[in-house]
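Pasting protein_24.cif here (mmCIF, C-alpha atoms):
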```cif
data_input
#
loop_
_atom_site.group_PDB
_atom_site.id
_atom_site.type_symbol
_atom_site.label_atom_id
_atom_site.label_comp_id
_atom_site.auth_asym_id
_atom_site.auth_seq_id
_atom_site.Cartn_x
_atom_site.Cartn_y
_atom_site.Cartn_z
ATOM 1 C CA MET A 1 119.153 73.677 64.615
ATOM 2 C CA SER A 2 120.724 76.623 66.482
ATOM 3 C CA SER A 3 118.172 79.002 64.981
ATOM 4 C CA LEU A 4 115.306 76.731 66.048
ATOM 5 C CA ARG A 5 116.712 76.506 69.565
ATOM 6 C CA MET A 6 117.048 80.293 69.750
ATOM 7 C CA THR A 7 113.471 80.683 68.599
ATOM 8 C CA SER A 8 112.268 78.168 71.178
ATOM 9 C CA ASP A 9 114.227 79.851 73.981
ATOM 10 C CA LEU A 10 112.917 83.254 72.978
ATOM 11 C CA ARG A 11 109.365 81.957 72.897
ATOM 12 C CA ARG A 12 109.823 80.502 76.369
ATOM 13 C CA GLN A 13 110.997 83.863 77.698
ATOM 14 C CA LEU A 14 108.069 85.651 76.067
ATOM 15 C CA ILE A 15 105.662 83.232 77.750
ATOM 16 C CA LEU A 16 107.342 83.766 81.124
ATOM 17 C CA GLY A 17 107.134 87.532 80.667
ATOM 18 C CA ALA A 18 103.414 87.323 79.883
ATOM 19 C CA ALA A 19 102.864 84.971 82.831
ATOM 20 C CA LYS A 20 104.612 87.374 85.243
ATOM 21 C CA ARG A 21 102.271 90.173 84.174
ATOM 22 C CA CYS A 22 99.208 87.947 84.576
ATOM 23 C CA PHE A 23 100.225 86.626 87.991
ATOM 24 C CA ALA A 24 101.078 90.158 89.181
ATOM 25 C CA ARG A 25 97.681 91.456 88.075
ATOM 26 C CA HIS A 26 95.371 88.568 88.936
ATOM 27 C CA GLY A 27 97.291 86.433 91.437
ATOM 28 C CA TYR A 28 97.830 82.708 91.130
ATOM 29 C CA THR A 29 94.185 81.696 91.481
ATOM 30 C CA GLY A 30 92.900 84.324 89.066
ATOM 31 C CA THR A 31 95.397 83.464 86.335
ATOM 32 C CA THR A 32 94.725 80.704 83.808
ATOM 33 C CA THR A 33 96.911 79.164 81.126
ATOM 34 C CA LYS A 34 94.388 80.499 78.618
ATOM 35 C CA SER A 35 94.883 84.073 79.840
ATOM 36 C CA VAL A 36 98.677 83.665 79.774
ATOM 37 C CA ALA A 37 98.543 82.321 76.226
ATOM 38 C CA ALA A 38 96.406 85.272 75.165
ATOM 39 C CA ALA A 39 98.831 87.719 76.799
ATOM 40 C CA ALA A 40 101.732 86.044 74.969
ATOM 41 C CA ALA A 41 99.760 86.074 71.689
ATOM 42 C CA ILE A 42 100.088 82.314 71.226
ATOM 43 C CA SER A 43 97.742 79.353 71.402
ATOM 44 C CA GLU A 44 97.230 77.503 74.669
ATOM 45 C CA ALA A 45 98.480 74.335 72.920
ATOM 46 C CA LEU A 46 101.779 76.062 72.126
ATOM 47 C CA LEU A 47 102.092 77.234 75.736
ATOM 48 C CA PHE A 48 101.705 73.624 76.904
ATOM 49 C CA LYS A 49 104.644 72.590 74.687
ATOM 50 C CA HIS A 50 106.860 74.760 76.898
ATOM 51 C CA PHE A 51 105.087 74.500 80.270
ATOM 52 C CA PRO A 52 102.771 71.580 81.076
ATOM 53 C CA SER A 53 100.713 73.464 83.674
ATOM 54 C CA LYS A 54 100.081 76.746 85.475
ATOM 55 C CA ALA A 55 102.025 75.398 88.458
ATOM 56 C CA ALA A 56 105.058 74.743 86.245
ATOM 57 C CA LEU A 57 104.899 78.316 84.948
ATOM 58 C CA TYR A 58 104.731 79.772 88.437
ATOM 59 C CA ALA A 59 107.528 77.582 89.784
ATOM 60 C CA GLU A 60 109.762 78.631 86.878
ATOM 61 C CA ILE A 61 109.089 82.310 87.599
ATOM 62 C CA LEU A 62 109.983 81.885 91.271
ATOM 63 C CA SER A 63 113.175 80.062 90.308
ATOM 64 C CA ASP A 64 114.144 82.866 87.900
ATOM 65 C CA GLU A 65 113.536 85.454 90.629
ATOM 66 C CA CYS A 66 115.829 83.576 93.023
ATOM 67 C CA GLU A 67 118.589 83.323 90.433
ATOM 68 C CA ALA A 68 118.274 87.046 89.688
ATOM 69 C CA ASP A 69 118.780 87.996 93.357
ATOM 70 C CA PRO A 70 122.388 89.296 93.678
ATOM 71 C CA ALA A 71 122.673 88.391 97.380
ATOM 72 C CA PHE A 72 121.450 84.854 96.727
ATOM 73 C CA THR A 73 123.790 84.462 93.752
ATOM 74 C CA GLU A 74 126.731 85.685 95.825
ATOM 75 C CA LEU A 75 125.938 83.165 98.545
ATOM 76 C CA LEU A 76 125.758 80.254 96.110
ATOM 77 C CA GLU A 77 129.110 81.273 94.590
ATOM 78 C CA ARG A 78 130.928 81.170 97.926
ATOM 79 C CA GLU A 79 133.481 78.497 98.661
ATOM 80 C CA PRO A 80 131.762 75.582 100.455
ATOM 81 C CA SER A 81 132.572 75.862 104.158
ATOM 82 C CA THR A 82 131.123 75.900 107.647
ATOM 83 C CA ALA A 83 130.554 79.644 107.289
ATOM 84 C CA THR A 84 128.643 79.130 104.030
ATOM 85 C CA LEU A 85 126.542 76.406 105.641
ATOM 86 C CA VAL A 86 125.619 78.693 108.540
ATOM 87 C CA GLU A 87 124.768 81.509 106.148
ATOM 88 C CA LEU A 88 122.519 79.227 104.085
ATOM 89 C CA ILE A 89 120.529 78.233 107.159
ATOM 90 C CA ARG A 90 120.417 81.753 108.561
ATOM 91 C CA GLY A 91 119.290 83.146 105.213
ATOM 92 C CA MET A 92 116.516 80.562 104.999
ATOM 93 C CA VAL A 93 115.318 81.399 108.511
ATOM 94 C CA GLU A 94 115.320 85.135 107.765
ATOM 95 C CA HIS A 95 113.438 84.589 104.507
ATOM 96 C CA PHE A 96 110.603 82.617 106.082
ATOM 97 C CA LEU A 97 110.281 84.822 109.172
ATOM 98 C CA ASP A 98 110.222 87.952 107.002
ATOM 99 C CA ILE A 99 107.200 86.558 105.146
ATOM 100 C CA ALA A 100 105.101 86.779 108.293
ATOM 101 C CA ASP A 101 106.573 90.067 109.518
ATOM 102 C CA GLY A 102 106.803 91.945 106.231
ATOM 103 C CA PRO A 103 104.161 93.843 104.219
ATOM 104 C CA ASP A 104 104.687 91.747 101.055
ATOM 105 C CA GLN A 105 101.376 89.925 100.708
ATOM 106 C CA GLU A 106 102.583 88.240 97.520
ATOM 107 C CA GLU A 107 105.188 86.295 99.503
ATOM 108 C CA ALA A 108 102.545 85.329 102.068
ATOM 109 C CA GLN A 109 100.265 84.068 99.289
ATOM 110 C CA ARG A 110 103.111 81.968 97.894
ATOM 111 C CA LEU A 111 103.597 80.337 101.280
ATOM 112 C CA ARG A 112 99.876 79.619 101.512
ATOM 113 C CA LEU A 113 99.965 78.162 98.003
ATOM 114 C CA MET A 114 102.846 75.905 99.011
ATOM 115 C CA ALA A 115 100.886 74.693 102.042
ATOM 116 C CA THR A 116 97.692 73.994 100.098
ATOM 117 C CA SER A 117 99.644 72.193 97.401
ATOM 118 C CA HIS A 118 100.612 69.556 99.969
ATOM 119 C CA LEU A 119 96.934 68.994 100.719
ATOM 120 C CA ASP A 120 95.987 68.971 97.027
ATOM 121 C CA ASP A 121 97.738 67.140 94.205
ATOM 122 C CA GLY A 122 101.196 68.312 95.345
ATOM 123 C CA GLU A 123 102.224 69.421 91.855
ATOM 124 C CA PHE A 124 103.352 72.933 92.771
ATOM 125 C CA ALA A 125 105.226 71.756 95.882
ATOM 126 C CA ARG A 126 107.044 69.031 93.925
ATOM 127 C CA LEU A 127 108.077 71.470 91.209
ATOM 128 C CA LEU A 128 109.295 74.072 93.678
ATOM 129 C CA TYR A 129 111.215 71.518 95.752
ATOM 130 C CA ALA A 130 112.945 70.373 92.560
ATOM 131 C CA LYS A 131 113.907 73.975 91.747
ATOM 132 C CA ILE A 132 115.203 74.576 95.279
ATOM 133 C CA GLU A 133 117.250 71.374 95.212
ATOM 134 C CA LYS A 134 118.791 72.337 91.881
ATOM 135 C CA LEU A 135 119.739 75.790 93.176
ATOM 136 C CA ILE A 136 120.916 74.980 96.705
ATOM 137 C CA GLY A 137 121.394 71.222 97.101
ATOM 138 C CA ALA A 138 124.978 70.893 95.888
ATOM 139 C CA VAL A 139 126.196 73.924 97.873
ATOM 140 C CA PHE A 140 124.549 72.641 101.057
ATOM 141 C CA VAL A 141 125.985 69.127 100.749
ATOM 142 C CA ALA A 142 129.483 70.365 99.842
ATOM 143 C CA SER A 143 129.478 72.847 102.739
ATOM 144 C CA LEU A 144 128.304 70.165 105.174
ATOM 145 C CA GLU A 145 131.122 67.890 104.006
ATOM 146 C CA ARG A 146 133.635 70.705 104.586
ATOM 147 C CA ALA A 147 132.204 71.330 108.050
ATOM 148 C CA VAL A 148 132.615 67.647 108.920
ATOM 149 C CA ALA A 149 136.191 67.641 107.588
ATOM 150 C CA ALA A 150 136.974 70.747 109.666
ATOM 151 C CA GLY A 151 135.660 69.104 112.832
ATOM 152 C CA ASP A 152 132.763 71.558 113.034
ATOM 153 C CA ALA A 153 130.052 68.931 112.469
ATOM 154 C CA ARG A 154 129.482 65.251 113.033
ATOM 155 C CA PRO A 155 129.365 62.899 110.018
ATOM 156 C CA CYS A 156 125.834 62.800 108.620
ATOM 157 C CA GLY A 157 125.790 59.245 107.265
ATOM 158 C CA ILE A 158 123.331 58.622 104.446
ATOM 159 C CA GLU A 159 121.249 61.129 102.444
ATOM 160 C CA PRO A 160 122.850 64.395 103.629
ATOM 161 C CA LEU A 161 120.407 66.430 101.533
ATOM 162 C CA ASN A 162 117.588 65.211 103.781
ATOM 163 C CA LEU A 163 119.078 67.373 106.545
ATOM 164 C CA PHE A 164 118.470 70.430 104.369
ATOM 165 C CA TRP A 165 114.859 69.398 103.792
ATOM 166 C CA PHE A 166 114.277 68.769 107.495
ATOM 167 C CA ALA A 167 115.541 72.288 108.208
ATOM 168 C CA HIS A 168 113.452 73.750 105.380
ATOM 169 C CA HIS A 169 110.255 72.037 106.520
ATOM 170 C CA SER A 170 110.790 73.073 110.143
ATOM 171 C CA VAL A 171 111.207 76.771 109.409
ATOM 172 C CA MET A 172 108.404 76.760 106.826
ATOM 173 C CA THR A 173 106.009 75.332 109.424
ATOM 174 C CA ALA A 174 107.136 77.930 111.967
ATOM 175 C CA ALA A 175 106.367 80.641 109.405
ATOM 176 C CA LEU A 176 102.923 79.188 108.691
ATOM 177 C CA THR A 177 101.926 79.522 112.361
ATOM 178 C CA ARG A 178 102.550 83.269 112.092
ATOM 179 C CA LEU A 179 100.647 83.973 108.864
ATOM 180 C CA PRO A 180 97.169 84.659 110.329
ATOM 181 C CA ALA A 181 96.450 88.159 111.676
ATOM 182 C CA THR A 182 96.364 86.487 115.086
ATOM 183 C CA PRO A 183 99.289 84.025 115.064
ATOM 184 C CA CYS A 184 98.462 80.422 115.851
ATOM 185 C CA LEU A 185 101.424 80.257 118.207
ATOM 186 C CA ALA A 186 103.242 82.988 120.115
ATOM 187 C CA TYR A 187 106.985 82.438 119.856
ATOM 188 C CA GLY A 188 108.010 85.634 121.610
ATOM 189 C CA LYS A 189 110.353 88.306 120.282
ATOM 190 C CA ALA A 190 111.264 88.020 116.600
ATOM 191 C CA ASP A 191 115.026 88.358 117.129
ATOM 192 C CA HIS A 192 114.942 85.678 119.834
ATOM 193 C CA LEU A 193 112.957 83.389 117.531
ATOM 194 C CA GLU A 194 115.433 83.855 114.698
ATOM 195 C CA ARG A 195 118.362 83.006 116.944
ATOM 196 C CA GLN A 196 116.646 79.961 118.456
ATOM 197 C CA LEU A 197 115.590 78.627 115.066
ATOM 198 C CA CYS A 198 119.090 79.026 113.657
ATOM 199 C CA GLU A 199 120.671 77.246 116.611
ATOM 200 C CA PHE A 200 118.046 74.477 116.560
ATOM 201 C CA LEU A 201 118.496 73.815 112.841
ATOM 202 C CA LEU A 202 122.279 74.016 112.885
ATOM 203 C CA ARG A 203 122.442 71.516 115.737
ATOM 204 C CA GLY A 204 119.983 69.339 113.858
ATOM 205 C CA ILE A 205 122.181 69.172 110.771
ATOM 206 C CA GLY A 206 125.152 68.239 112.951
ATOM 207 C CA LEU A 207 127.086 71.394 113.815
ATOM 208 C CA ASN A 208 128.679 71.492 117.251
ATOM 209 C CA ASP A 209 128.106 74.315 119.714
ATOM 210 C CA ALA A 210 131.570 75.807 119.256
ATOM 211 C CA ALA A 211 131.070 76.165 115.476
ATOM 212 C CA ILE A 212 127.598 77.632 115.947
ATOM 213 C CA ALA A 213 128.822 80.164 118.516
ATOM 214 C CA SER A 214 131.727 81.160 116.312
ATOM 215 C CA HIS A 215 129.966 81.523 112.957
ATOM 216 C CA LEU A 216 126.434 82.472 113.936
ATOM 217 C CA GLY A 217 127.566 84.987 116.518
ATOM 218 C CA ARG A 218 130.069 86.556 114.146
ATOM 219 C CA ASP A 219 127.608 86.742 111.249
ATOM 220 C CA GLN A 220 124.875 88.373 113.297
ATOM 221 C CA ALA A 221 127.267 90.916 114.712
ATOM 222 C CA ALA A 222 128.602 91.755 111.251
ATOM 223 C CA ASP A 223 125.102 92.235 109.890
ATOM 224 C CA ALA A 224 124.225 94.597 112.699
ATOM 225 C CA GLY A 225 127.440 96.541 112.081
ATOM 226 C CA LYS A 226 128.499 96.100 115.701
ATOM 227 C CA THR A 227 131.228 94.241 117.498
ATOM 228 C CA ALA A 228 130.348 90.760 118.671
ATOM 229 C CA ILE A 229 128.610 90.644 122.028
ATOM 230 C CA ALA A 230 129.827 87.809 124.206
ATOM 231 C CA GLU A 231 126.388 86.977 125.590
ATOM 232 C CA SER A 232 124.931 86.508 122.076
ATOM 233 C CA ALA A 233 127.588 83.936 121.245
#
```
Before we go any further, please render this structure as structure tokens.
Amino acid sequence: MSSLRMTSDLRRQLILGAAKRCFARHGYTGTTTKSVAAAAAISEALLFKHFPSKAALYAEILSDECEADPAFTELLEREPSTATLVELIRGMVEHFLDIADGPDQEEAQRLRLMATSHLDDGEFARLLYAKIEKLIGAVFVASLERAVAAGDARPCGIEPLNLFWFAHHSVMTAALTRLPATPCLAYGKADHLERQLCEFLLRGIGLNDAAIASHLGRDQAADAGKTAIAESA
């Protein structure tokens, strides 16, 4: 039984490795399950025993990349707290805004794929949301509970995870407006946008102004390697 499981796990990793090479070379649209199976030297039927679709393969690869990111891993291993909650939101804002500002076209294509999935059958979006929830959901909810207990946030009532999704959807939409060569909407300076988005989302999930000023101001100053500036708090 153990030997069979090891063989199955190894086969799964070999398929993922082949899929990464195919997606890197041909992009999402240009890659097929048939081409991935050929690259992994297996039949397409065997590939489908491990991954039911191309979207499932791609979502798994993105999830693996997130889990392999040392900074992301360190964040998820932090003690749940108001500070961790602020860092989760700030990290999400930075990630989405960097997609539009950065030279990484692969990240931009992933965001476009996510958007079109909502207008299509939704399979890729559903899979990726499930992966994100598995990675971040428990840390977000636990940190929000700690923030409420510390008096830094108001009680959220039912479905606290929805607050994470509301924040996620808001910043994803903001990023989408900035994907075209000529942005659909001019938000102004990037650093101002980041600050405004963070404050907007943190208030939306229930943090009070004192907690936001304390944690967001301190975090931004630490990242810049400078002392906190009173006006930015």
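Closest approach to Glu159 in chain A among A:Ala174, A:Ile205, A:Lys189, A:Lys131 is made by A:Ile205 (distances from only C-alpha atoms).
Once the PyMOL selection byres ((chain A and resi 154) around 12) is applied to this file, the selection holds Leu144, Glu145, Arg146, Ala147, Val148, Ala149, Ala150, Gly151, Asp152, Ala153, Pro155, Cys156, Gly157, Pro160, Leu202, Arg203, Gly204, Ile205, Gly206, Leu207, Asn208, Asp209 and Ala211 of chain A.
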Give me the residues near Asp98 in chain A as a list in words, where near means some atom within 10 Å (using all atoms listed in the file) and where sequence neighbours in that chain fewer than 6 positions away do not count. Met92, Asp104, Glu107, Ala108, Ala175 and Ala190 of chain A
Tell me, as a PyMOL selection string, which residues lie within 8 Å of range 84-89 of chain A, counting all atoms listed in the file; anything in the same chain fewer than 4 positions away does not count. chain A and resi 75+78-80+93+140+143-144+147+167+198+201-202+212+215-216+219
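Separating CA of Arg21 in chain A from CA of Leu57 in chain A is a distance of 12.2 Å.
Across A:His192, A:Lys54, A:Thr73, A:Ile158, the tightest approach to Ser35 in chain A is made by A:Lys54 when counting only C-alpha atoms.
Pairwise distance (CA of Arg110 in chain A, CA of Asn162 in chain A) equals 22.9 Å.
Each of A:Gly30, A:Leu97, A:Ala68, A:Ile132 was checked against Tyr187 in chain A using only C-alpha atoms; the smallest atom-to-atom distance is that of A:Leu97.
Taken over the whole file, the PyMOL selection byres ((chain A and resi 24) around 12) covers exactly Gly17, Ala18, Ala19, Lys20, Arg21, Cys22, Phe23, Arg25, His26, Gly27, Tyr28, Thr29, Gly30, Thr31, Val36, Tyr58, Ile61, Gln105, Glu106, Glu107 and Gln109 of chain A.
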Nearby residues (only C-alpha atoms) at most 12 Å from Leu128 in chain A, same-chain spacing under 3 positions excluded, as a VMD selection string: chain A and resid 55 to 64 66 110 to 111 113 to 115 117 to 118 122 to 125 131 to 135
Those selected residues, please, written with C-alpha atoms and delivered as an mmCIF file, in the frame of the given file.
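Written output follows (result08.cif):
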```cif
data_model
loop_
_atom_site.group_PDB
_atom_site.id
_atom_site.type_symbol
_atom_site.label_atom_id
_atom_site.label_comp_id
_atom_site.auth_asym_id
_atom_site.auth_seq_id
_atom_site.Cartn_x
_atom_site.Cartn_y
_atom_site.Cartn_z
ATOM 1 C CA ALA A 55 102.025 75.398 88.458
ATOM 2 C CA ALA A 56 105.058 74.743 86.245
ATOM 3 C CA LEU A 57 104.899 78.316 84.948
ATOM 4 C CA TYR A 58 104.731 79.772 88.437
ATOM 5 C CA ALA A 59 107.528 77.582 89.784
ATOM 6 C CA GLU A 60 109.762 78.631 86.878
ATOM 7 C CA ILE A 61 109.089 82.310 87.599
ATOM 8 C CA LEU A 62 109.983 81.885 91.271
ATOM 9 C CA SER A 63 113.175 80.062 90.308
ATOM 10 C CA ASP A 64 114.144 82.866 87.900
ATOM 11 C CA CYS A 66 115.829 83.576 93.023
ATOM 12 C CA ARG A 110 103.111 81.968 97.894
ATOM 13 C CA LEU A 111 103.597 80.337 101.280
ATOM 14 C CA LEU A 113 99.965 78.162 98.003
ATOM 15 C CA MET A 114 102.846 75.905 99.011
ATOM 16 C CA ALA A 115 100.886 74.693 102.042
ATOM 17 C CA SER A 117 99.644 72.193 97.401
ATOM 18 C CA HIS A 118 100.612 69.556 99.969
ATOM 19 C CA GLY A 122 101.196 68.312 95.345
ATOM 20 C CA GLU A 123 102.224 69.421 91.855
ATOM 21 C CA PHE A 124 103.352 72.933 92.771
ATOM 22 C CA ALA A 125 105.226 71.756 95.882
ATOM 23 C CA LYS A 131 113.907 73.975 91.747
ATOM 24 C CA ILE A 132 115.203 74.576 95.279
ATOM 25 C CA GLU A 133 117.250 71.374 95.212
ATOM 26 C CA LYS A 134 118.791 72.337 91.881
ATOM 27 C CA LEU A 135 119.739 75.790 93.176
#
```
Out of A:Leu176, A:Leu163, A:Ala138, A:Glu94, which residue has the shortest atom-to-atom distance to Gln196 in chain A when counting all atoms listed in the file? A:Glu94
May I ask you to restore N, CA and C atoms in range 146-163 of chain A and write the result as a tab-separated table (two decimals), keeping the file's coordinate frame?
```tsv
chain	number	residue	atom	x	y	z
A	146	ARG	N	132.49	69.91	104.12
A	146	ARG	CA	133.64	70.70	104.59
A	146	ARG	C	133.57	70.93	106.09
A	147	ALA	N	132.37	71.13	106.61
A	147	ALA	CA	132.20	71.33	108.05
A	147	ALA	C	132.60	70.07	108.82
A	148	VAL	N	132.23	68.92	108.30
A	148	VAL	CA	132.62	67.65	108.92
A	148	VAL	C	134.13	67.48	108.89
A	149	ALA	N	134.74	67.78	107.74
A	149	ALA	CA	136.19	67.64	107.59
A	149	ALA	C	136.94	68.60	108.52
A	150	ALA	N	136.33	69.76	108.79
A	150	ALA	CA	136.97	70.75	109.67
A	150	ALA	C	136.74	70.47	111.15
A	151	GLY	N	135.96	69.43	111.45
A	151	GLY	CA	135.66	69.10	112.83
A	151	GLY	C	134.56	69.97	113.42
A	152	ASP	N	133.84	70.69	112.57
A	152	ASP	CA	132.76	71.56	113.03
A	152	ASP	C	131.41	70.85	113.10
A	153	ALA	N	131.33	69.65	112.50
A	153	ALA	CA	130.05	68.93	112.47
A	153	ALA	C	130.32	67.44	112.52
A	154	ARG	N	129.35	66.71	113.00
A	154	ARG	CA	129.48	65.25	113.03
A	154	ARG	C	129.14	64.69	111.65
A	155	PRO	N	129.71	63.53	111.30
A	155	PRO	CA	129.36	62.90	110.02
A	155	PRO	C	127.87	62.64	109.93
A	156	CYS	N	127.29	62.87	108.75
A	156	CYS	CA	125.83	62.80	108.62
A	156	CYS	C	125.33	61.44	108.15
A	157	GLY	N	126.24	60.56	107.73
A	157	GLY	CA	125.79	59.24	107.26
A	157	GLY	C	125.14	59.33	105.90
A	158	ILE	N	123.97	58.70	105.76
A	158	ILE	CA	123.33	58.62	104.45
A	158	ILE	C	122.43	59.83	104.19
A	159	GLU	N	122.17	60.10	102.90
A	159	GLU	CA	121.25	61.13	102.44
A	159	GLU	C	121.45	62.48	103.14
A	160	PRO	N	122.61	63.11	102.96
A	160	PRO	CA	122.85	64.40	103.63
A	160	PRO	C	121.87	65.49	103.21
A	161	LEU	N	121.34	65.41	101.99
A	161	LEU	CA	120.41	66.43	101.53
A	161	LEU	C	119.12	66.43	102.35
A	162	ASN	N	118.78	65.27	102.93
A	162	ASN	CA	117.59	65.21	103.78
A	162	ASN	C	117.68	66.19	104.94
A	163	LEU	N	118.90	66.44	105.44
A	163	LEU	CA	119.08	67.37	106.54
A	163	LEU	C	118.64	68.77	106.13
```
